[in-house]
Structures are given as C-alpha cells and as structure tokens.
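The next block is upload-v4.tsv, given as TSV, C-alpha atoms.
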chain	number	residue	atom	x	y	z
O	1	MET	CA	109.69	63.77	98.88
O	2	ASP	CA	112.53	65.31	96.82
O	3	GLN	CA	115.68	66.78	98.33
O	4	ILE	CA	114.70	70.44	97.88
O	5	GLN	CA	111.35	69.91	99.56
O	6	ALA	CA	113.10	68.02	102.36
O	7	MET	CA	115.39	71.01	102.88
O	8	ARG	CA	112.35	73.31	103.03
O	9	VAL	CA	110.75	71.05	105.65
O	10	PHE	CA	113.92	71.04	107.75
O	11	VAL	CA	114.32	74.83	107.57
O	12	ARG	CA	110.68	75.35	108.55
O	13	ILE	CA	111.07	73.05	111.59
O	14	VAL	CA	114.10	75.04	112.77
O	15	ASP	CA	112.35	78.38	112.16
O	16	MET	CA	109.24	77.29	114.07
O	17	ASN	CA	111.14	75.22	116.66
O	18	SER	CA	108.38	72.64	116.31
O	19	PHE	CA	107.52	69.65	114.12
O	20	SER	CA	103.80	70.20	114.64
O	21	ARG	CA	103.77	73.89	113.74
O	22	ALA	CA	105.98	73.26	110.72
O	23	ALA	CA	103.61	70.52	109.53
O	24	GLU	CA	100.64	72.81	109.99
O	25	LEU	CA	102.28	75.66	108.11
O	26	LEU	CA	103.37	73.37	105.26
O	27	GLN	CA	99.97	71.63	105.24
O	28	LEU	CA	101.58	68.21	105.61
O	29	PRO	CA	100.87	65.34	108.01
O	30	ARG	CA	103.13	65.45	111.05
O	31	ALA	CA	104.29	61.91	110.32
O	32	THR	CA	105.43	63.02	106.86
O	33	VAL	CA	107.45	65.86	108.35
O	34	SER	CA	109.05	63.58	110.95
O	35	ASN	CA	109.89	60.87	108.39
O	36	THR	CA	111.37	63.47	106.06
O	37	VAL	CA	113.86	64.57	108.71
O	38	LYS	CA	114.73	60.95	109.55
O	39	ARG	CA	115.46	60.17	105.89
O	40	LEU	CA	117.45	63.39	105.59
O	41	GLU	CA	119.58	62.45	108.60
O	42	GLN	CA	120.10	58.93	107.25
O	43	ARG	CA	121.21	60.28	103.87
O	44	LEU	CA	123.61	62.81	105.43
O	45	GLY	CA	124.85	60.41	108.10
O	46	VAL	CA	124.52	62.99	110.91
O	47	ARG	CA	121.97	63.94	113.55
O	48	LEU	CA	120.41	67.30	112.66
O	49	LEU	CA	117.83	67.67	115.42
O	50	LEU	CA	117.46	66.40	118.97
O	51	ARG	CA	113.77	65.98	119.64
O	52	THR	CA	111.83	65.12	122.78
O	53	THR	CA	108.15	65.29	123.61
O	54	ARG	CA	108.59	68.89	124.76
O	55	GLN	CA	111.23	70.56	122.61
O	56	VAL	CA	113.39	70.48	119.51
O	57	LYS	CA	117.12	71.30	119.72
O	58	ILE	CA	119.37	71.75	116.73
O	59	THR	CA	122.80	70.09	116.73
O	60	ALA	CA	126.04	71.76	115.61
O	61	GLU	CA	125.80	69.81	112.34
O	62	GLY	CA	122.17	70.84	112.01
O	63	GLU	CA	123.11	74.50	112.54
O	64	ALA	CA	125.67	74.39	109.73
O	65	TYR	CA	123.26	72.54	107.43
O	66	TYR	CA	120.46	74.99	108.25
O	67	HIS	CA	122.50	78.05	107.21
O	68	ARG	CA	123.54	76.37	103.98
O	69	CYS	CA	119.96	75.31	103.23
O	70	VAL	CA	118.71	78.88	103.75
O	71	GLN	CA	121.31	80.19	101.32
O	72	LEU	CA	120.53	77.57	98.67
O	73	LEU	CA	116.77	77.93	98.99
O	74	ASP	CA	117.00	81.72	98.84
O	75	ALA	CA	119.15	81.47	95.72
O	76	LEU	CA	116.72	78.99	94.17
O	77	ASP	CA	113.71	81.19	94.90
O	78	GLU	CA	115.47	84.23	93.51
O	79	THR	CA	116.56	82.35	90.40
O	80	ASP	CA	112.94	81.33	89.78
O	81	SER	CA	111.81	84.93	90.10
O	82	MET	CA	114.74	86.78	88.52
O	83	PHE	CA	112.92	87.04	85.17
O	84	ALA	CA	109.77	88.46	86.70
O	85	GLN	CA	108.53	91.82	85.49
O	86	GLN	CA	110.66	94.81	86.51
O	87	ARG	CA	107.79	96.28	88.50
O	88	HIS	CA	108.17	93.49	91.06
O	89	GLN	CA	110.11	94.62	94.12
O	90	PRO	CA	113.11	92.59	95.38
O	91	LYS	CA	112.04	90.41	98.27
O	92	GLY	CA	113.45	88.01	100.83
O	93	LYS	CA	115.79	88.19	103.83
O	94	VAL	CA	119.09	90.10	103.78
O	95	ARG	CA	121.60	89.23	106.50
O	96	ILE	CA	124.13	91.98	107.22
O	97	ASP	CA	126.83	92.44	109.87
O	98	MET	CA	128.56	95.65	110.96
O	99	PRO	CA	130.24	97.36	113.95
O	100	HIS	CA	128.01	98.40	116.86
O	101	SER	CA	128.68	102.11	116.39
O	102	LEU	CA	127.74	102.15	112.70
O	103	ALA	CA	124.58	100.16	113.37
O	104	ARG	CA	123.49	102.33	116.30
O	105	GLU	CA	124.44	105.78	115.00
O	106	ILE	CA	123.90	105.59	111.23
O	107	VAL	CA	122.24	102.50	109.78
O	108	ILE	CA	119.39	101.66	112.16
O	109	PRO	CA	118.11	105.28	112.38
O	110	GLU	CA	117.75	105.27	108.56
O	111	LEU	CA	116.39	101.74	108.07
O	112	ALA	CA	112.79	102.97	107.96
O	113	ASN	CA	113.65	104.73	104.70
O	114	PHE	CA	115.03	101.45	103.30
O	115	TYR	CA	111.81	99.62	104.23
O	116	ARG	CA	109.71	102.30	102.57
O	117	ARG	CA	111.71	101.80	99.40
O	118	TYR	CA	111.82	97.98	99.60
O	119	PRO	CA	108.83	96.85	101.69
O	120	GLN	CA	109.21	93.17	100.77
O	121	ILE	CA	112.76	92.83	102.10
O	122	GLU	CA	113.39	91.62	105.65
O	123	VAL	CA	116.67	92.75	107.23
O	124	ALA	CA	118.53	90.64	109.79
O	125	LEU	CA	121.27	92.87	111.24
O	126	SER	CA	123.98	91.64	113.60
O	127	ALA	CA	126.29	94.16	115.25
O	128	ASN	CA	129.81	93.33	116.43
O	129	ASP	CA	133.38	94.58	116.03
O	130	THR	CA	135.07	91.36	114.93
O	131	SER	CA	135.49	89.52	111.65
O	132	MET	CA	132.73	87.09	110.70
O	133	ASP	CA	132.76	84.01	108.48
O	134	LEU	CA	130.05	84.99	106.00
O	135	LEU	CA	129.31	81.52	104.65
O	136	HIS	CA	129.36	79.81	108.05
O	137	HIS	CA	126.96	82.33	109.59
O	138	GLY	CA	124.76	82.73	106.51
O	139	ILE	CA	125.61	86.46	106.15
O	140	ASP	CA	125.07	88.18	102.80
O	141	CYS	CA	127.36	91.18	103.36
O	142	VAL	CA	129.43	92.89	106.05
O	143	LEU	CA	130.37	96.52	106.65
O	144	ARG	CA	133.89	96.94	108.02
O	145	ALA	CA	136.54	99.61	108.60
O	146	TRP	CA	139.30	97.35	107.29
O	147	PRO	CA	139.78	95.52	103.98
O	148	SER	CA	138.99	91.85	103.66
O	149	GLU	CA	141.65	89.40	104.82
O	150	GLU	CA	139.86	86.65	102.91
O	151	GLU	CA	140.73	86.20	99.25
O	152	ASN	CA	137.28	84.78	98.51
O	153	LEU	CA	135.42	88.01	99.38
O	154	VAL	CA	134.68	91.02	97.19
O	155	SER	CA	135.60	94.32	98.89
O	156	ARG	CA	133.89	97.54	97.82
O	157	ARG	CA	135.29	100.75	99.33
O	158	ILE	CA	132.34	103.09	99.87
O	159	ALA	CA	133.57	105.90	102.11
O	160	GLU	CA	136.43	107.57	103.96
O	161	ILE	CA	135.12	108.80	107.29
O	162	PRO	CA	136.85	111.74	109.02
O	163	GLN	CA	138.57	111.00	112.33
O	164	LEU	CA	140.09	113.09	115.12
O	165	THR	CA	142.34	112.71	118.16
O	166	CYS	CA	140.93	113.45	121.60
O	167	ALA	CA	141.09	112.73	125.31
O	168	SER	CA	138.99	113.52	128.34
O	169	ALA	CA	139.12	116.99	129.87
O	170	GLU	CA	140.20	115.41	133.17
O	171	TYR	CA	143.09	113.53	131.49
O	172	LEU	CA	144.33	116.71	129.75
O	173	MET	CA	144.26	118.58	133.04
O	174	ARG	CA	146.55	115.92	134.51
O	175	LYS	CA	148.89	115.38	131.56
O	176	GLY	CA	148.67	118.65	129.66
O	177	SER	CA	147.27	119.25	126.18
O	178	PRO	CA	149.77	118.28	123.45
O	179	THR	CA	150.31	120.83	120.66
O	180	SER	CA	152.70	118.73	118.55
O	181	LEU	CA	153.79	115.11	118.23
O	182	LYS	CA	156.90	115.95	120.26
O	183	ASP	CA	154.64	116.56	123.26
O	184	LEU	CA	153.38	112.96	123.23
O	185	ASN	CA	156.33	111.38	125.01
O	186	ASP	CA	154.73	111.69	128.45
O	187	HIS	CA	151.23	110.78	127.29
O	188	HIS	CA	149.21	107.56	127.31
O	189	MET	CA	146.88	106.12	124.73
O	190	VAL	CA	143.99	103.72	125.01
O	191	GLY	CA	145.18	100.59	123.22
O	192	TYR	CA	142.83	99.22	120.56
O	193	PHE	CA	143.63	95.60	119.74
O	194	SER	CA	142.33	93.14	117.19
O	195	LEU	CA	140.77	89.95	118.54
O	196	SER	CA	142.18	88.01	115.58
O	197	THR	CA	145.81	89.16	115.96
O	198	GLY	CA	145.99	90.55	119.50
O	199	ARG	CA	148.08	93.38	118.08
O	200	CYS	CA	147.57	96.92	119.42
O	201	GLU	CA	147.09	99.58	116.72
O	202	PRO	CA	149.31	102.70	116.87
O	203	LEU	CA	148.01	106.26	116.65
O	204	GLU	CA	148.32	107.76	113.17
O	205	PHE	CA	148.86	111.40	112.20
O	206	ILE	CA	149.09	113.19	108.85
O	207	VAL	CA	152.27	115.29	108.89
O	208	GLU	CA	153.19	117.20	105.72
O	209	GLY	CA	151.20	114.80	103.59
O	210	LYS	CA	152.66	111.62	105.10
O	211	ILE	CA	151.34	109.29	107.80
O	212	GLU	CA	153.37	109.09	110.99
O	213	ARG	CA	152.60	106.26	113.43
O	214	VAL	CA	153.09	106.71	117.16
O	215	THR	CA	152.80	104.04	119.85
O	216	LEU	CA	152.40	105.27	123.41
O	217	ALA	CA	152.16	103.48	126.74
O	218	ALA	CA	148.70	101.94	127.02
O	219	PRO	CA	147.58	101.27	130.60
O	220	LEU	CA	144.32	99.90	129.20
O	221	ARG	CA	143.74	97.92	126.01
O	222	VAL	CA	140.26	97.27	124.64
O	223	SER	CA	138.55	95.73	121.65
O	224	GLY	CA	135.39	97.42	120.39
O	225	ALA	CA	134.53	101.02	119.55
O	226	ASP	CA	132.16	101.55	122.48
O	227	ALA	CA	134.74	100.38	125.03
O	228	TYR	CA	137.40	102.47	123.28
O	229	ILE	CA	135.43	105.72	123.65
O	230	ALA	CA	134.35	104.83	127.19
O	231	ALA	CA	138.01	104.31	128.16
O	232	ALA	CA	138.93	107.75	126.83
O	233	HIS	CA	135.98	109.29	128.64
O	234	SER	CA	137.25	107.68	131.87
O	235	GLY	CA	140.66	109.32	131.47
O	236	PHE	CA	142.83	106.42	130.32
O	237	GLY	CA	144.49	108.31	127.45
O	238	LEU	CA	144.30	109.56	123.88
O	239	ILE	CA	142.12	107.90	121.26
O	240	GLN	CA	141.42	108.35	117.55
O	241	ALA	CA	137.94	107.64	116.26
O	242	ALA	CA	135.33	108.74	113.74
O	243	THR	CA	134.27	112.36	114.24
O	244	HIS	CA	130.54	111.56	114.14
O	245	SER	CA	130.91	108.99	116.96
O	246	LEU	CA	132.68	111.50	119.20
O	247	HIS	CA	130.40	114.46	118.53
O	248	PRO	CA	128.10	114.02	121.59
O	249	TRP	CA	131.09	113.92	123.97
O	250	LEU	CA	132.82	116.83	122.24
O	251	ALA	CA	129.64	118.92	122.44
O	252	GLN	CA	129.56	118.35	126.22
O	253	SER	CA	133.31	119.11	126.49
O	254	SER	CA	133.84	115.83	128.34
O	255	LEU	CA	136.13	114.88	125.45
O	256	VAL	CA	138.42	117.50	123.92
O	257	GLU	CA	140.04	117.41	120.48
O	258	VAL	CA	143.83	117.79	120.37
O	259	LEU	CA	146.49	117.98	117.66
O	260	VAL	CA	144.05	119.56	115.22
O	261	ASP	CA	146.85	120.45	112.76
O	262	THR	CA	147.98	116.81	112.45
O	263	PRO	CA	144.72	114.85	112.20
O	264	PRO	CA	144.51	111.08	111.76
O	265	PRO	CA	143.90	109.81	108.22
O	266	PRO	CA	140.25	109.17	107.37
O	267	MET	CA	138.87	105.73	108.21
O	268	PRO	CA	138.12	103.67	105.08
O	269	LEU	CA	134.80	101.85	105.02
O	270	TYR	CA	134.28	98.64	103.05
O	271	LEU	CA	131.33	96.53	101.98
O	272	MET	CA	132.31	92.88	101.63
O	273	TYR	CA	130.33	90.00	100.18
O	274	PRO	CA	130.93	86.59	98.58
O	275	PRO	CA	131.82	86.68	94.88
O	276	GLY	CA	129.60	85.26	92.19
O	277	ARG	CA	128.18	86.00	88.80
O	278	PHE	CA	124.66	86.35	90.18
O	279	LEU	CA	124.21	88.87	92.97
O	280	ALA	CA	120.73	88.47	94.40
O	281	PRO	CA	118.52	91.56	93.85
O	282	ARG	CA	117.75	91.75	97.59
O	283	VAL	CA	121.50	91.90	98.33
O	284	ARG	CA	122.30	94.29	95.49
O	285	VAL	CA	119.78	96.90	96.64
O	286	MET	CA	121.10	96.66	100.21
O	287	LEU	CA	124.69	97.18	99.02
O	288	ASP	CA	123.67	100.17	96.91
O	289	TRP	CA	121.60	101.66	99.74
O	290	LEU	CA	124.47	101.36	102.23
O	291	ALA	CA	126.86	103.01	99.77
O	292	GLU	CA	124.35	105.83	99.28
O	293	LEU	CA	123.83	106.17	103.03
O	294	PHE	CA	127.51	106.58	103.82
O	295	ALA	CA	128.41	108.83	100.88
O	296	PRO	CA	127.78	112.07	102.87
O	297	PHE	CA	130.27	110.92	105.54
O	298	ASN	CA	133.19	110.99	103.10
O	299	ALA	CA	136.13	113.10	104.24
O	300	GLU	CA	137.54	115.81	102.01
O	301	PRO	CA	140.18	114.36	99.66
O	302	SER	CA	143.42	114.25	101.66
O	303	GLN	CA	146.90	114.89	100.34
O	304	ILE	CA	148.56	111.79	101.75
O	305	SER	CA	151.69	110.38	100.11
O	306	GLN	CA	151.53	106.64	99.67

Let me see the structure of the file written as structure tokens.
Amino acid sequence: MDQIQAMRVFVRIVDMNSFSRAAELLQLPRATVSNTVKRLEQRLGVRLLLRTTRQVKITAEGEAYYHRCVQLLDALDETDSMFAQQRHQPKGKVRIDMPHSLAREIVIPELANFYRRYPQIEVALSANDTSMDLLHHGIDCVLRAWPSEEENLVSRRIAEIPQLTCASAEYLMRKGSPTSLKDLNDHHMVGYFSLSTGRCEPLEFIVEGKIERVTLAAPLRVSGADAYIAAAHSGFGLIQAATHSLHPWLAQSSLVEVLVDTPPPPMPLYLMYPPGRFLAPRVRVMLDWLAELFAPFNAEPSQISQ
C-alpha cells in the first residue's frame, strides 16, 4: 500500500475511532488496515495509536501527524479537482477559529445562508479569545481583532467595528458619570489582559483626532470578551467593547454609555491564513463570505491622526 493510501487509512481510523469501522468503510480487510498502521509507525519511528481490544487512543505524535495528514490529503483532493468544470461547487471541510462573541452574535446566526450557497462545504468552527497555531491545530483561517504576530501568516483587514465606553448603572451611581477624561481619576476599569503577554490593555479615546490612552486602577482583570462584559455588568468598572455586543445590556439600561464625545477608536478585524500560491476554493469562499458578512459592521471613517 502506497504512502498516500496509508495516510488515508490512518485518518479514517482516527475519524471513526475504530480499526473495524475504518476497514468496513474503506472496504479493506481488517488485517490490511492494522498492518498498514504498523508499517506506518515503523517507517516514522513513533507510536501513532494505542490500541486495545476495546478502544483506540491517539498519541501526541499521532495527533500532530493526523492534522498534517488531513491538510495534505485535502490539498491533494483539491488539486485533483481544481480543473473541474466551473459549475462544480467547492467542497470539503473548512476549519475556522474566532472569538466567542463574534461566533455567537454574528457568524453562527448567518451560517445557514453560507450552507445554502455552498452545500458541499462542511464548517468546523472553534471559538476562543486566544491566539491559535494554525498549522498545529489544522486550522484554515482565523478571525481576530488584532493583527498577526506571526510573520508566516497573511492578514486581511476586513472591517473596523464601532466601539463605545460604558459601565453598569450601579457603578455610575457609586462613582459618578464621567463627562470628560479629567473625571476619570477616581474611576476604575475592568482590566483586559492578553494570555500571551499578561499585559493589561489601557482604555483608548479619540480626542481632537488623536488617540489618548488612559490606564485606571483595575480591581479585576479578565481575559475574554464574555468575562469582560460580565465584569462591567457586575459593577467592577468601565469597559470598552464593540457596540453590537453591548446593545442588549444598553437597551435594558443595565449598562450605560459614557464619554460619548470621546469614543474609543473602532476595533479592526482581521482574517488570517497561511500563505501560499494556491488557496483552496473551499477556503477562498469562506474568506470572501466572512468579509462580506462583516462589511455592514464597518464604522464611519474616523479622523484619527497616526
């Protein structure tokens, strides 16, 4: 059995979590499937799977090899079909990663429209607020509110989402509602820190076309948009976040906007993906759809001096 077929056998075993079911699906004898994995492990010099009479467990080396095999096999399948007639729809699995709030509030509610347009594409969406290693986790593209820190990724800026400053009604009753940046001296903010750096981000305000950064005492620091808004709602201080995320709380008056005349700068939104001459059709249509989806959220052009 050649190497490519051996990779397909291994991937199918992991997907099915069973040698027997993989053999049945591939229409191969179970002994052939088992021997294929043994030869694959011998050639690689690592154990890929731990198998007993009852279960199959993948090793750390097997996990890394599995993700790489999926990428290579997907690319091979797409290369074979890339010259098919234009009427053929893109197909295959697209793996995307994005913050919880964007997934919950914007992307997932509209995914049905994507599936109607591209019925042969399967989307695997992971939601988190931290950086991800695309190649290690087998991810095709990520949606982030900060530019790529990795030189080997392509960054495509697709939107600038309006933001505002707010705090809970209860907090403003205790501390007073600030009307200018000078009023912030006695106020608190909810600290938002990066898991990668541990650094707490300051509040930002547009004042006469320039960005002013203000750091206040932060009795509570969090990482993650949901925790950030929840902390503000519980009265821990001022926050700055995307307007659409705060709308439900603002409508109920449990959060109240402040410093309207000096708003935060809009939040940039980036699509990031590995570089390469050949961008798979299934990935390209997802990138274009996400850019189209977020276009209406663009803020009005701001007069900010750089």

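Coordinates place atom CA of O:Leu44 at a distance of 15.3 Å from atom CA of O:Val11.
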
request  = For stretch 219-232 of chain O, work out the shell of residues within 9 Å, counting only C-alpha atoms and skipping chain neighbours fewer than 5 positions away, then give it as a ChimeraX atom specification.
outcome  = /O:99-101,128-130,166-168,171,188-195,200,237-241,245-246,255

request  = For each of O:Asp261, O:Glu24, O:Glu212, O:Glu41, take the minimum atom-to-atom distance to O:Met7, counting all atoms listed in the file, then give the residue where this is smallest.
outcome  = O:Glu41

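Between atom CA of O:Val94 and atom CA of O:Gln3 lies a distance of 24.2 Å.
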
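Atom CA of O:Asp183 lies 13.1 Å from atom CA of O:Thr215.
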
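Between O:Pro268 and the candidates O:Ile158, O:Leu26, O:Val207, O:Ile96, the tightest atom-to-atom separation, counting only C-alpha atoms, involves O:Ile158.
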
task = Go through O:Ala127, O:Ser254, O:Arg95, O:Val154 one by one, measure the shortest atom-to-atom distance of each to O:Ile108 using only C-alpha atoms, and give the residue with the smallest value.
result = O:Ala127

Work out where the centre of an axis-aligned box around every listed atom of stretch 89-106 of chain O lies and how long its edges are once 6 Å is added on each side; give both in Å to one decimal as JSON.
{"center_x": 120.2, "center_y": 96.9, "center_z": 105.5, "size_x": 32.1, "size_y": 29.8, "size_z": 34.7}

ask   = Excluding same-chain residues fewer than 6 positions from O:Met98, what lies within 10 Å of it counting only C-alpha atoms, as a ChimeraX atom specification?
value = /O:104,107,125-132,141-145,271

Nearby residues (all atoms listed in the file) at most 7 Å from O:His187, same-chain spacing under 2 positions excluded, as number ranges by chain = O: 175, 184-185, 189, 216

task = For a cut-off of 10 Å around (122.1, 66.5, 116.3), file coordinates, pick out all residues using only C-alpha atoms and list them as an MDAnalysis selection string.
result = chainID O and resid 41 46:51 57:63

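The list of residues with at least one atom within 10 Å of O:Phe10, based on only C-alpha atoms and without residues fewer than 5 positions apart in the same chain, reads O:Ile4, O:Gln5, O:Asp15, O:Phe19, O:Ala22, O:Val33, O:Ser34, O:Thr36, O:Val37, O:Leu40, O:Leu48, O:Leu49, O:Gly62, O:Tyr65, O:Tyr66, O:Cys69.
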
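Counting all atoms listed in the file, stretch 289-300 of chain O has the following residues at most 7 Å away, ignoring those fewer than 5 positions along the same chain: Ile158, Ala159, Glu160, Ile161, Pro162 and Pro266 of chain O.
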